[in-house]
Each structure stands twice: as C-alpha cells, then as structure tokens.
>>> print(open('query12.txt').read())   # compact mmCIF, C-alpha atoms and all ligand atoms
# COMPACT_ATOMS: atom_id res chain seq x y z
CA MET A 1 -1.02 -19.03 64.45
CA LYS A 2 0.39 -21.36 61.74
CA LYS A 3 3.36 -19.85 59.86
CA TYR A 4 3.52 -20.23 56.09
CA ASN A 5 6.80 -21.10 54.36
CA PRO A 6 6.77 -20.45 50.57
CA ALA A 7 9.81 -22.72 50.06
CA GLU A 8 7.62 -25.72 50.93
CA HIS A 9 4.87 -24.91 48.42
CA GLN A 10 4.05 -24.70 44.71
CA PHE A 11 3.36 -21.62 42.57
CA GLU A 12 -0.46 -21.70 42.78
CA THR A 13 -0.32 -22.06 46.57
CA ASN A 14 2.22 -19.26 47.03
CA ALA A 15 0.12 -16.92 44.86
CA ILE A 16 -2.59 -17.24 47.53
CA HIS A 17 -0.60 -17.47 50.75
CA ALA A 18 2.98 -16.17 50.48
CA GLY A 19 3.61 -13.07 52.61
CA GLN A 20 0.06 -13.17 53.97
CA ASP A 21 -0.11 -14.94 57.32
CA PRO A 22 -3.46 -14.21 59.02
CA ASP A 23 -3.47 -10.94 60.99
CA PRO A 24 -2.14 -11.85 64.48
CA SER A 25 -4.38 -9.32 66.27
CA THR A 26 -7.74 -10.26 64.67
CA GLY A 27 -7.24 -13.47 62.69
CA ALA A 28 -8.54 -11.73 59.52
CA ILE A 29 -7.80 -14.11 56.65
CA THR A 30 -7.57 -11.33 54.07
CA PHE A 31 -4.46 -9.24 54.47
CA PRO A 32 -5.49 -5.77 55.77
CA ILE A 33 -5.04 -2.50 53.89
CA TYR A 34 -2.71 -0.55 56.17
CA GLN A 35 -3.87 2.86 54.98
CA THR A 36 -1.46 4.79 57.14
CA SER A 37 1.37 7.20 56.44
CA THR A 38 3.30 6.73 59.69
CA TYR A 39 3.76 4.42 62.70
CA VAL A 40 3.87 5.34 66.37
CA GLN A 41 7.22 4.67 68.07
CA GLU A 42 7.45 3.68 71.75
CA ALA A 43 10.72 5.58 72.11
CA VAL A 44 13.06 7.08 69.52
CA GLY A 45 14.03 4.27 67.15
CA LYS A 46 11.97 1.69 69.10
CA HIS A 47 9.26 0.50 66.67
CA LYS A 48 7.75 -2.63 65.11
CA GLY A 49 9.77 -2.47 61.86
CA TYR A 50 7.77 0.30 60.22
CA GLU A 51 8.58 4.04 60.48
CA TYR A 52 7.04 5.74 57.46
CA SER A 53 5.01 4.32 54.54
CA ARG A 54 7.30 5.56 51.76
CA THR A 55 10.06 3.45 53.32
CA SER A 56 7.82 0.44 53.98
CA ASN A 57 4.18 -0.42 54.48
CA PRO A 58 2.84 -3.80 55.67
CA THR A 59 0.39 -4.25 52.76
CA ARG A 60 3.08 -3.40 50.21
CA CYS A 61 5.58 -5.67 52.00
CA ALA A 62 3.11 -8.58 51.93
CA LEU A 63 2.68 -8.15 48.17
CA GLU A 64 6.44 -7.80 47.64
CA ALA A 65 7.02 -11.09 49.48
CA CYS A 66 4.24 -12.83 47.55
CA LEU A 67 5.50 -11.70 44.12
CA ALA A 68 9.13 -12.52 45.01
CA SER A 69 8.06 -16.08 45.87
CA LEU A 70 6.41 -16.45 42.44
CA GLU A 71 9.57 -15.43 40.55
CA GLY A 72 11.85 -17.44 42.87
CA ALA A 73 13.47 -14.18 44.00
CA LYS A 74 14.86 -13.24 47.41
CA TYR A 75 13.53 -9.70 47.17
CA GLY A 76 10.64 -7.75 45.62
CA LEU A 77 10.03 -4.00 45.44
CA CYS A 78 6.68 -2.51 44.38
CA PHE A 79 6.14 0.82 42.63
CA ALA A 80 3.42 3.19 41.51
CA SER A 81 3.65 1.92 37.89
CA GLY A 82 5.74 -0.28 35.61
CA MET A 83 7.53 2.87 34.42
CA ALA A 84 8.36 3.80 38.04
CA ALA A 85 9.81 0.29 38.46
CA MET A 86 12.01 0.90 35.39
CA THR A 87 13.20 4.22 36.81
CA ASN A 88 14.21 2.33 39.94
CA VAL A 89 16.28 -0.23 38.00
CA LEU A 90 18.04 2.58 36.14
CA SER A 91 19.49 3.65 39.51
CA LEU A 92 22.03 0.86 38.84
CA VAL A 93 23.60 2.84 35.95
CA LYS A 94 25.26 6.24 35.88
CA ALA A 95 26.44 8.84 33.34
CA GLY A 96 28.91 7.28 30.91
CA ASP A 97 27.38 3.79 31.15
CA HIS A 98 25.95 1.94 28.16
CA VAL A 99 22.74 -0.11 28.04
CA ILE A 100 21.83 -2.68 25.35
CA ALA A 101 18.07 -3.12 24.88
CA SER A 102 15.75 -5.22 22.69
CA ASP A 103 14.67 -3.34 19.56
CA ASP A 104 11.01 -4.19 20.20
CA LEU A 105 9.81 -2.97 23.61
CA TYR A 106 6.72 -1.32 25.08
CA GLY A 107 6.75 2.17 23.50
CA GLY A 108 7.11 3.91 26.86
CA THR A 109 10.41 2.13 27.53
CA PRO A 110 12.49 3.64 24.68
CA ARG A 111 10.71 6.95 25.39
CA LEU A 112 12.06 6.82 28.97
CA PHE A 113 15.51 5.77 27.73
CA ASN A 114 15.86 8.23 24.83
CA GLN A 115 13.95 11.23 26.10
CA VAL A 116 14.90 11.14 29.79
CA TYR A 117 17.98 9.02 30.58
CA ALA A 118 19.99 9.74 27.39
CA GLY A 119 19.92 13.37 28.54
CA TYR A 120 21.66 12.29 31.78
CA GLY A 121 24.57 10.82 29.81
CA ILE A 122 23.47 7.17 29.63
CA GLU A 123 23.91 5.58 26.21
CA PHE A 124 21.40 3.12 24.67
CA THR A 125 21.81 0.66 21.78
CA TYR A 126 18.85 -1.32 20.41
CA VAL A 127 19.34 -4.76 18.88
CA ASP A 128 17.13 -7.71 17.97
CA SER A 129 17.92 -9.69 21.11
CA SER A 130 16.44 -12.88 19.62
CA PHE A 131 19.88 -13.07 17.95
CA THR A 132 22.38 -13.62 20.78
CA ASP A 133 25.32 -12.72 18.50
CA ARG A 134 23.81 -9.26 17.86
CA VAL A 135 23.68 -8.61 21.60
CA GLU A 136 27.30 -9.77 21.91
CA ALA A 137 28.40 -7.54 19.01
CA ALA A 138 26.83 -4.51 20.72
CA ILE A 139 28.86 -4.92 23.96
CA LYS A 140 31.30 -2.07 24.60
CA PRO A 141 33.81 -1.44 27.42
CA ASN A 142 31.23 0.78 29.19
CA THR A 143 28.24 -1.61 28.83
CA LYS A 144 26.60 -2.26 32.22
CA LEU A 145 23.09 -3.51 31.58
CA VAL A 146 21.24 -5.67 29.04
CA TRP A 147 17.48 -5.02 28.99
CA ILE A 148 15.18 -7.48 27.26
CA GLU A 149 11.49 -8.18 26.86
CA THR A 150 10.44 -11.70 25.89
CA PRO A 151 7.90 -12.07 24.36
CA THR A 152 8.29 -8.51 23.09
CA ASN A 153 5.55 -5.91 22.91
CA PRO A 154 3.93 -5.96 20.34
CA LEU A 155 5.80 -8.27 17.91
CA LEU A 156 6.08 -11.21 20.34
CA LYS A 157 9.70 -11.94 19.45
CA ILE A 158 11.32 -14.50 21.76
CA THR A 159 14.79 -14.08 23.23
CA GLU A 160 16.54 -17.14 24.65
CA ILE A 161 17.09 -16.00 28.24
CA ARG A 162 19.58 -18.80 29.02
CA ALA A 163 21.79 -17.84 26.02
CA ILE A 164 21.76 -14.12 26.87
CA SER A 165 22.41 -14.77 30.56
CA SER A 166 25.49 -16.89 29.86
CA LEU A 167 26.73 -13.98 27.72
CA THR A 168 26.02 -11.36 30.40
CA HIS A 169 27.64 -13.51 33.11
CA ARG A 170 30.78 -13.88 30.97
CA HIS A 171 30.99 -10.11 30.46
CA LYS A 172 29.90 -9.24 34.03
CA LEU A 173 26.82 -7.33 32.87
CA ILE A 174 23.44 -7.08 34.59
CA LEU A 175 20.59 -8.81 32.74
CA LEU A 176 17.09 -7.44 33.23
CA VAL A 177 14.03 -9.23 31.84
CA ASP A 178 10.72 -7.39 31.56
CA ASN A 179 8.51 -10.44 32.16
CA THR A 180 5.19 -8.59 31.88
CA PHE A 181 3.94 -10.49 28.80
CA ALA A 182 4.89 -13.96 30.05
CA THR A 183 4.09 -13.69 33.80
CA PRO A 184 6.02 -15.84 36.32
CA PHE A 185 3.45 -18.59 35.78
CA LEU A 186 4.71 -19.13 32.21
CA GLN A 187 8.36 -18.11 32.52
CA ARG A 188 10.84 -17.58 35.39
CA PRO A 189 13.81 -15.55 34.11
CA LEU A 190 15.82 -15.74 37.38
CA ASP A 191 15.88 -19.54 37.07
CA LEU A 192 17.32 -19.04 33.56
CA GLY A 193 20.16 -16.82 34.80
CA ALA A 194 18.69 -13.29 34.67
CA ASP A 195 19.64 -10.89 37.51
CA ILE A 196 16.52 -8.74 37.71
CA VAL A 197 12.90 -9.30 36.68
CA LEU A 198 10.45 -6.45 36.17
CA HIS A 199 6.68 -6.39 35.66
CA SER A 200 4.02 -3.90 34.95
CA VAL A 201 1.64 -5.44 37.52
CA THR A 202 -1.06 -3.35 35.86
CA LYS A 203 -1.33 -6.27 33.41
CA TYR A 204 -1.57 -10.00 34.19
CA ILE A 205 -0.39 -9.90 37.80
CA ALA A 206 -3.19 -7.66 39.06
CA GLY A 207 -5.28 -8.96 36.17
CA HIS A 208 -8.53 -6.99 36.48
CA ALA A 209 -7.79 -3.65 34.80
CA ASP A 210 -8.39 -1.80 38.07
CA THR A 211 -4.94 -0.63 39.17
CA VAL A 212 -1.57 0.59 37.87
CA GLY A 213 1.64 -0.71 39.42
CA GLY A 214 5.10 -2.15 38.94
CA VAL A 215 7.48 -4.58 40.61
CA VAL A 216 11.20 -5.31 40.49
CA MET A 217 12.59 -8.63 41.79
CA THR A 218 16.10 -9.94 42.34
CA SER A 219 18.13 -12.34 44.46
CA ASN A 220 21.30 -10.19 44.21
CA ASP A 221 21.98 -8.51 47.59
CA ALA A 222 23.99 -5.58 46.17
CA HIS A 223 21.42 -4.73 43.47
CA TYR A 224 18.64 -5.04 46.02
CA GLU A 225 20.36 -2.67 48.50
CA ARG A 226 20.81 -0.02 45.79
CA MET A 227 17.23 -0.38 44.47
CA LYS A 228 15.70 -0.45 47.97
CA PHE A 229 17.64 2.72 48.80
CA HIS A 230 16.40 4.34 45.58
CA GLN A 231 12.80 3.21 46.21
CA ASN A 232 12.79 5.19 49.45
CA ALA A 233 14.97 8.06 48.20
CA ALA A 234 13.00 8.70 44.99
CA GLY A 235 9.68 7.61 46.51
CA ALA A 236 7.61 6.31 43.55
CA VAL A 237 6.05 3.65 45.79
CA MET A 238 2.85 1.65 45.36
CA GLY A 239 0.07 2.74 47.72
CA PRO A 240 -1.55 0.28 50.17
CA PHE A 241 -4.88 0.07 48.37
CA ASP A 242 -3.19 -0.71 45.05
CA ALA A 243 -1.07 -3.33 46.84
CA PHE A 244 -4.29 -4.87 48.21
CA LEU A 245 -5.94 -4.99 44.77
CA THR A 246 -2.80 -6.51 43.24
CA MET A 247 -2.58 -9.11 46.02
CA ARG A 248 -6.22 -10.06 45.49
CA GLY A 249 -5.70 -10.28 41.72
CA VAL A 250 -2.57 -12.40 41.80
CA LYS A 251 -4.30 -15.19 43.75
CA THR A 252 -5.95 -16.33 40.47
CA LEU A 253 -2.97 -15.68 38.16
CA ALA A 254 -2.43 -19.34 37.25
CA LEU A 255 -6.12 -19.98 36.49
CA ARG A 256 -6.51 -16.82 34.45
CA VAL A 257 -3.32 -17.22 32.41
CA GLU A 258 -4.02 -20.88 31.64
CA ARG A 259 -7.42 -19.92 30.24
CA GLN A 260 -6.03 -16.89 28.38
CA CYS A 261 -3.37 -19.07 26.72
CA GLU A 262 -5.95 -21.66 25.69
CA ASN A 263 -8.25 -19.00 24.19
CA ALA A 264 -5.29 -17.26 22.51
CA LEU A 265 -3.97 -20.42 20.86
CA HIS A 266 -7.38 -21.26 19.39
CA LEU A 267 -7.95 -17.71 18.24
CA ALA A 268 -4.47 -17.46 16.68
CA GLN A 269 -5.09 -20.69 14.75
CA TYR A 270 -8.45 -19.35 13.59
CA LEU A 271 -7.01 -15.99 12.50
CA GLU A 272 -4.15 -17.69 10.68
CA GLN A 273 -6.48 -19.34 8.19
CA HIS A 274 -8.75 -16.29 7.78
CA PRO A 275 -8.74 -14.78 4.25
CA LYS A 276 -8.75 -11.19 5.57
CA VAL A 277 -5.58 -11.73 7.62
CA GLU A 278 -2.10 -11.18 6.17
CA ARG A 279 -0.10 -12.84 8.98
CA VAL A 280 -0.48 -13.87 12.62
CA ILE A 281 2.21 -13.65 15.28
CA TYR A 282 1.76 -15.95 18.27
CA PRO A 283 4.57 -17.86 20.03
CA GLY A 284 2.47 -21.06 20.17
CA LEU A 285 1.98 -21.28 16.39
CA ASP A 286 4.21 -23.49 14.21
CA SER A 287 4.74 -20.44 11.98
CA HIS A 288 6.43 -18.48 14.81
CA PRO A 289 10.18 -18.36 14.06
CA GLN A 290 11.19 -18.93 17.70
CA LYS A 291 8.49 -21.44 18.67
CA LYS A 292 11.08 -24.00 19.81
CA ILE A 293 12.76 -21.50 22.16
CA ALA A 294 9.35 -20.41 23.47
CA GLU A 295 8.54 -24.05 24.23
CA ARG A 296 11.79 -24.45 26.14
CA GLN A 297 11.40 -21.43 28.39
CA MET A 298 7.64 -20.83 28.55
CA ARG A 299 4.97 -23.18 29.87
CA LEU A 300 2.41 -22.00 27.24
CA GLY A 301 2.31 -19.42 24.41
CA GLY A 302 0.86 -16.47 26.34
CA GLY A 303 -2.34 -14.44 26.05
CA ILE A 304 -1.32 -11.88 23.40
CA ILE A 305 -1.80 -12.20 19.64
CA SER A 306 -0.59 -9.68 17.06
CA PHE A 307 -1.84 -9.88 13.48
CA GLU A 308 -1.67 -7.89 10.31
CA ILE A 309 -4.95 -7.24 8.61
CA LYS A 310 -5.12 -7.10 4.80
CA GLY A 311 -5.79 -3.58 3.51
CA GLY A 312 -3.49 -1.50 5.76
CA LEU A 313 -4.29 1.45 8.00
CA ASN A 314 -7.89 2.28 7.06
CA THR A 315 -9.08 -1.31 7.21
CA ALA A 316 -7.32 -1.77 10.54
CA LEU A 317 -8.94 1.34 12.04
CA GLN A 318 -12.36 0.30 10.73
CA PHE A 319 -12.00 -3.20 12.17
CA LEU A 320 -10.93 -1.82 15.56
CA GLU A 321 -13.99 0.41 15.66
CA LEU A 322 -16.49 -2.19 14.49
CA VAL A 323 -15.40 -5.44 16.13
CA PRO A 324 -17.82 -6.14 19.00
CA LEU A 325 -16.89 -7.48 22.47
CA TYR A 326 -13.17 -6.57 22.24
CA SER A 327 -12.78 -3.19 23.94
CA LEU A 328 -10.59 -0.74 22.04
CA ALA A 329 -8.07 0.20 24.72
CA GLU A 330 -4.40 0.30 25.66
CA SER A 331 -3.13 -2.16 28.29
CA LEU A 332 -3.41 -5.94 28.42
CA GLY A 333 -3.54 -8.93 30.73
CA GLY A 334 -6.97 -8.36 32.27
CA VAL A 335 -9.85 -10.83 32.36
CA GLU A 336 -11.57 -8.92 29.53
CA SER A 337 -10.33 -9.01 25.93
CA LEU A 338 -8.81 -5.77 24.63
CA ILE A 339 -7.81 -4.78 21.12
CA GLU A 340 -5.54 -1.95 20.00
CA HIS A 341 -3.48 -0.39 17.21
CA PRO A 342 0.20 -0.34 18.31
CA ALA A 343 1.35 2.21 15.68
CA MET A 344 -1.15 4.86 16.82
CA MET A 345 -1.64 3.86 20.45
CA THR A 346 0.89 1.99 22.65
CA HIS A 347 3.88 2.58 20.33
CA ALA A 348 3.00 6.05 18.99
CA ALA A 349 5.99 7.50 20.90
CA ILE A 350 8.34 5.60 18.54
CA PRO A 351 9.17 7.54 15.33
CA LYS A 352 7.42 6.13 12.22
CA GLU A 353 10.65 5.12 10.39
CA ARG A 354 11.84 3.24 13.47
CA ARG A 355 8.46 1.49 13.84
CA GLU A 356 8.57 0.38 10.23
CA THR A 357 12.14 -0.90 10.53
CA VAL A 358 11.20 -3.20 13.40
CA GLY A 359 7.88 -4.27 11.83
CA ILE A 360 5.16 -2.28 13.64
CA THR A 361 3.18 -1.63 10.47
CA ASP A 362 -0.03 0.40 10.07
CA GLY A 363 -2.00 -2.82 9.57
CA LEU A 364 -0.79 -4.39 12.82
CA ILE A 365 -3.44 -5.12 15.46
CA ARG A 366 -2.75 -6.44 18.97
CA ILE A 367 -5.26 -8.50 20.95
CA SER A 368 -5.03 -9.17 24.67
CA VAL A 369 -7.14 -12.28 24.97
CA GLY A 370 -9.33 -12.48 28.06
CA ILE A 371 -11.01 -15.37 29.83
CA GLU A 372 -14.38 -15.07 28.06
CA ALA A 373 -15.96 -18.09 26.34
CA TYR A 374 -13.91 -18.92 23.24
CA GLU A 375 -16.99 -19.23 21.01
CA ASP A 376 -18.00 -15.64 21.86
CA LEU A 377 -14.49 -14.38 21.11
CA LYS A 378 -14.49 -16.11 17.72
CA LYS A 379 -18.02 -14.93 16.87
CA ALA A 380 -17.03 -11.33 17.62
CA ILE A 381 -13.97 -11.58 15.33
CA ASP A 382 -16.23 -12.91 12.56
CA ALA A 383 -18.66 -10.03 13.10
CA GLY A 384 -15.77 -7.55 12.90
CA PHE A 385 -14.50 -9.01 9.63
CA ALA A 386 -18.01 -9.09 8.19
CA ALA A 387 -18.44 -5.37 9.00
CA ILE A 388 -15.38 -4.15 7.06
O1 LIG B 401 1.88 1.07 32.30
P1 LIG B 401 2.88 0.75 33.37
O2 LIG B 401 2.33 -0.01 34.52
O3 LIG B 401 3.70 1.93 33.78
O4 LIG B 401 3.92 -0.32 32.70
C1 LIG B 401 4.68 -0.03 31.58
C2 LIG B 401 4.97 -1.29 30.81
C3 LIG B 401 6.14 -2.00 31.07
N1 LIG B 401 6.47 -3.11 30.41
C4 LIG B 401 5.66 -3.62 29.45
C5 LIG B 401 6.06 -4.86 28.72
C6 LIG B 401 4.45 -2.98 29.16
O5 LIG B 401 3.66 -3.53 28.22
C7 LIG B 401 4.08 -1.79 29.85
C8 LIG B 401 2.81 -1.07 29.57
N2 LIG B 401 2.16 -1.46 28.40
C9 LIG B 401 0.96 -0.98 27.94
C10 LIG B 401 0.25 -0.05 28.59
C11 LIG B 401 0.48 -1.58 26.69
O6 LIG B 401 -0.72 -1.46 26.35
O7 LIG B 401 1.29 -2.21 26.01
>>> encode(input="query12.txt", output="structure tokens", more="lines below")
Ligand code: P1T
Amino acid sequence: MKKYNPAEHQFETNAIHAGQDPDPSTGAITFPIYQTSTYVQEAVGKHKGYEYSRTSNPTRCALEACLASLEGAKYGLCFASGMAAMTNVLSLVKAGDHVIASDDLYGGTPRLFNQVYAGYGIEFTYVDSSFTDRVEAAIKPNTKLVWIETPTNPLLKITEIRAISSLTHRHKLILLVDNTFATPFLQRPLDLGADIVLHSVTKYIAGHADTVGGVVMTSNDAHYERMKFHQNAAGAVMGPFDAFLTMRGVKTLALRVERQCENALHLAQYLEQHPKVERVIYPGLDSHPQKKIAERQMRLGGGIISFEIKGGLNTALQFLELVPLYSLAESLGGVESLIEHPAMMTHAAIPKERRETVGITDGLIRISVGIEAYEDLKKAIDAGFAAI
C-alpha cells in the first residue's frame, strides 16, 4: 500500500489524506470508525499500539495527525469539546501562576478562567492584546501563559501574533492562540511563533454543525508530554464517531472557508452602506483598525461579521427574529449561515458592565456567513431590515 507523507504535500491535499492511509486489512479508502473501548493483547504488554480508547483510539489518532499537519504542528490532541481542550492546556499552569488573556474572548473562556480556575489559585489578567505594549505591561514575575484569540469573538479584534510571540519568547512565557475563528487555512499561528494552537472543531474544522469537539496542537515536546498525560489522566477525549465526522468535514475546509470569506466580504461591504446599520466590524474592510495586520497574517478576512444595528436592543431582537434564512443560533463556522445576539447568547456569562467596557453592546449582532448563494444572503438581510 502507498504511504502518504504530509511533508511532501500542500494544505488542501493534507486535509484529505494526512493520517488516513487506506485500511491495510480491507483497502477501505474512508478511514474506519474504530468504535471500540479496548484492544486485545497477545500477551501482557504485547499489543499493536492501542490498549484502551481513552488513552488512544485509531480514528482519533488519524484525525489528530491530520489536524496537526494542517497547523504545521508535530502533535495534535483531540477532545470532547473546545472547552475540554482548554482545560487540557490549563494543565500547564498551577496554583500561584498568572495568565494574561485577550479582553475579548468567547464568553465560555473567561467563565472557565474566573469561575473555575481562579478558585484553584490561578490568576488572570485581561488586556486588549491588539496592543502589544499592554500585554507587556501586564507581565508579572509569576506570569506563565499568554492566551489570545485573533480574530476575537465577537468583536473581531486582530492581535499581531508575530509581535506577541517575540515578547513571550523574550520573557519565556507560553503563547496560546485560539485559532477557531481563522482556521489553519487562513492563519497558522505556530509559523508565527506561537507555542500552542487550540480550536473548537465544532466550528469551521468539522464545518457541518453536527458535532462538538476540540483540538490542541503543538511542536513542543515537553508541553505535548504534559498535555498527552493530562488527556489520558483527565479523560475528556473525543469519541470515535465524532472524530470520523470531523475528519470527513475537514476534507473540504479550504473550499468552504474560501467561499465563506468571499460571501462575508461582500455582505460586510453591503451592510456598511446600509442606512439601518450603525457600524460594521469585519477584518477585510478598510474601516477595520487592524486591517493591515490581518492582511499580513491571514490569507482572507474570515467568515464572521459583527455589526451594530441602529435602535439598540429591541430593534436587534426584532431583526434576529424576523430575518429569514439566517438561523438564530449559537455557534459558527458551518455551511449554513447563523445569526446571534452576543450580549444575550454567546457572551451572556460576562457581566454587563464588563461587556459594555469591551464593546459588546445590546445592538451588536454576529453573523456566521455560510456557503449559500450570496444573492440569497443579501436578499434575506434586506427582508429582515424591511420587517423592522
Ligand atoms: O463550544 P466548544 O466546542 O466547547 O468550544 C468553545 C469555543 C472555544 N473557542 C472559541 C473561539 C469559540 O468561539 C468557542 C465556542 N463558541 C461558540 C459556541 C460561539 O457561538 O461563539
């Protein structure tokens, strides 16, 4: 059977083939779902590399290898959700350590930090990481980890990964990038000096709104050993069927994201000139304050648009209810367009004063642009505006 070497191939090719040599016993081209909890041993300790599916499972391992190839990482570890992946990374810090994080993150992330890990004696400071000097000013003698999202959820702020990574290297800190919004097709943080990349694979990577999962990737042997140990010890692993769905989804990542970016750019430009819109945030627009940085580190502007509707909370809620085609739902990154209200949905766990300080206003609406026909997406927005 021909052996596949990801190092010899491009992104789109690896998304289809990496980690997935045809099954040697049957020739099946599609990687099998190894729906098994355990593996028979010939004699004690004499086995084929698998002992128990919490520790490792062939379907999960195939996905881990595939995703690692896409981020240019040596290692990948898959989990039951993006939050479980975060819990795994936090095994690298202990009581007394300090973490610096972006001030705009998925709402569940500060909830995990403040309402779980702060209670274990880990300290968190939030700064606008699009200003490198603010990250530097927050460094303390006990700082261990810098945690950024770029683009951020939901305000799409861009942090210059190269600038932050030269800072973290100088201070011997670990830099984690939550790359969920960009995907490895648009942005590869490890190439820009980050130590660890994390994704909610629930979103673009799986891409079809049919599974929940997370992944952590790194090329650092010591971090990998600790996180691999914790994956098995804590056990929040991804199941084989979810690994199969994710592996099927990721094969079309490049095609989907290219189309989503194209639709999103057109829609952002359309919204920007609409009289019922206060402001539009999209990294591909000239009006975005960090457009130049986005252009340097991202291939395209991404598939998410945030905009503020004129009229505040009630108008926003009315629009969300009445706009056709866009499903009102949390999550993002699937083939279908979704729309949501960050303040009352994905970021409701953040206290109101804090939300307002960072800019998550009551009129803010987030769209995850799908791969539908652009004309239909535009028509639906028009119908929504006409209805309010
Ligand atoms: O939902 P889960 O797979 O556990 O992943 C959490 C997560 C991590 N990182 C980012 C950037 C995220 O956006 C998310 C989840 N976000 C949503 C559900 C949302 O609608 O924003």
>>> residues_near_ligand(input="query12.txt", ligand="ligand LIG 401 (chain B)", cutoff="10 Å", atoms="only C-alpha atoms and all ligand atoms", output="number ranges by chain")
A: 79-86, 104-109, 148-154, 177-182, 198-203, 211-215, 329-333, 338-342, 345-347, 366-368
>>> residues_around(input="query12.txt", residues="Val216 of chain A", least_positions_apart="3", cutoff="6 Å", atoms="all atoms listed in the file", output="CSV table (one decimal) with C-alpha atoms, in the coordinates of the input")
chain,number,residue,atom,x,y,z
A,76,GLY,CA,10.6,-7.8,45.6
A,77,LEU,CA,10.0,-4.0,45.4
A,197,VAL,CA,12.9,-9.3,36.7
A,198,LEU,CA,10.4,-6.4,36.2
>>> residues_around(input="query12.txt", residues="segment 8-23 of chain A", least_positions_apart="3", cutoff="7 Å", atoms="all atoms listed in the file", output="ChimeraX atom specification")
/A:3-5,26-29,31,62-63,65-66,69-70,250-251,254
>>> residues_near_point(input="query12.txt", point="(28.9, -2.7, 30.8)", cutoff="8 Å", atoms="all atoms listed in the file", output="number ranges by chain")
A: 97-99, 139-145, 171-174
>>> closest_residue(input="query12.txt", among="A:Asp286, A:Glu295, A:Glu321, A:Glu262", to="Val369 of chain A", atoms="all atoms listed in the file")
A:Glu262
>>> residues_around(input="query12.txt", residues="segment 272-274 of chain A", least_positions_apart="4", cutoff="12 Å", atoms="only C-alpha atoms", output="count of residues only")
25
>>> atom_distance(input="query12.txt", atom1="atom CA of Ser219 of chain A", atom2="atom CA of Thr87 of chain A")
18.9 Å
>>> closest_residue(input="query12.txt", among="A:Leu175, A:Met238, A:Met298, A:Leu364", to="Arg54 of chain A", atoms="only C-alpha atoms")
A:Met238
>>> atom_distance(input="query12.txt", atom1="atom CA of Leu112 of chain A", atom2="atom CA of Ala343 of chain A")
17.7 Å
>>> atom_distance(input="query12.txt", atom1="atom CA of His223 of chain A", atom2="atom CA of Arg299 of chain A")
28.2 Å
>>> residues_around(input="query12.txt", residues="Gly301 of chain A", least_positions_apart="6", cutoff="7 Å", atoms="all atoms listed in the file", output="PyMOL selection string")
chain A and resi 261+283-284
>>> closest_residue(input="query12.txt", among="A:Gly311, A:Gly302, A:Gly45, A:Gly96", to="Gly363 of chain A", atoms="all atoms listed in the file")
A:Gly311
>>> closest_residue(input="query12.txt", among="A:Asn88, A:Val44, A:Gly359, A:Leu325", to="His230 of chain A", atoms="all atoms listed in the file")
A:Asn88
>>> residues_around(input="query12.txt", residues="Tyr120 of chain A", least_positions_apart="6", cutoff="10 Å", atoms="only C-alpha atoms", output="MDAnalysis selection string")
chainID A and resid 94:96 113:114
>>> write_last_selection(input="query12.txt", atoms="C-alpha atoms", output="compact mmCIF listing (two decimals), keeping the file's coordinate frame")
# COMPACT_ATOMS: atom_id res chain seq x y z
CA LYS A 94 25.26 6.24 35.88
CA ALA A 95 26.44 8.84 33.34
CA GLY A 96 28.91 7.28 30.91
CA PHE A 113 15.51 5.77 27.73
CA ASN A 114 15.86 8.23 24.83
>>> decode(input="query12.txt", residues="segment 328-355 of chain A", atoms="C-alpha atoms", output="PDB file, in the first residue's frame")
ATOM      1  CA  LEU A 328     -30.956  32.223  15.088  1.00  0.00           C
ATOM      2  CA  ALA A 329     -28.443  30.045  16.919  1.00  0.00           C
ATOM      3  CA  GLU A 330     -25.195  29.979  18.874  1.00  0.00           C
ATOM      4  CA  SER A 331     -22.100  28.508  17.197  1.00  0.00           C
ATOM      5  CA  LEU A 332     -20.483  29.373  13.882  1.00  0.00           C
ATOM      6  CA  GLY A 333     -18.379  28.033  11.043  1.00  0.00           C
ATOM      7  CA  GLY A 334     -20.901  25.647   9.485  1.00  0.00           C
ATOM      8  CA  VAL A 335     -22.029  25.598   5.863  1.00  0.00           C
ATOM      9  CA  GLU A 336     -25.296  27.308   6.864  1.00  0.00           C
ATOM     10  CA  SER A 337     -25.478  30.976   7.879  1.00  0.00           C
ATOM     11  CA  LEU A 338     -26.234  31.628  11.550  1.00  0.00           C
ATOM     12  CA  ILE A 339     -27.093  34.849  13.334  1.00  0.00           C
ATOM     13  CA  GLU A 340     -26.989  35.624  17.048  1.00  0.00           C
ATOM     14  CA  HIS A 341     -27.007  38.256  19.789  1.00  0.00           C
ATOM     15  CA  PRO A 342     -23.678  38.064  21.692  1.00  0.00           C
ATOM     16  CA  ALA A 343     -24.857  40.058  24.746  1.00  0.00           C
ATOM     17  CA  MET A 344     -27.757  37.690  25.470  1.00  0.00           C
ATOM     18  CA  MET A 345     -26.440  34.470  23.943  1.00  0.00           C
ATOM     19  CA  THR A 346     -22.747  33.521  23.491  1.00  0.00           C
ATOM     20  CA  HIS A 347     -21.400  36.203  25.865  1.00  0.00           C
ATOM     21  CA  ALA A 348     -24.217  36.280  28.445  1.00  0.00           C
ATOM     22  CA  ALA A 349     -21.838  34.779  31.046  1.00  0.00           C
ATOM     23  CA  ILE A 350     -19.834  38.042  31.003  1.00  0.00           C
ATOM     24  CA  PRO A 351     -21.186  40.682  33.452  1.00  0.00           C
ATOM     25  CA  LYS A 352     -22.990  43.580  31.700  1.00  0.00           C
ATOM     26  CA  GLU A 353     -20.523  46.308  32.817  1.00  0.00           C
ATOM     27  CA  ARG A 354     -17.602  44.231  31.524  1.00  0.00           C
ATOM     28  CA  ARG A 355     -19.391  43.601  28.200  1.00  0.00           C
TER      29      ARG A 355
END
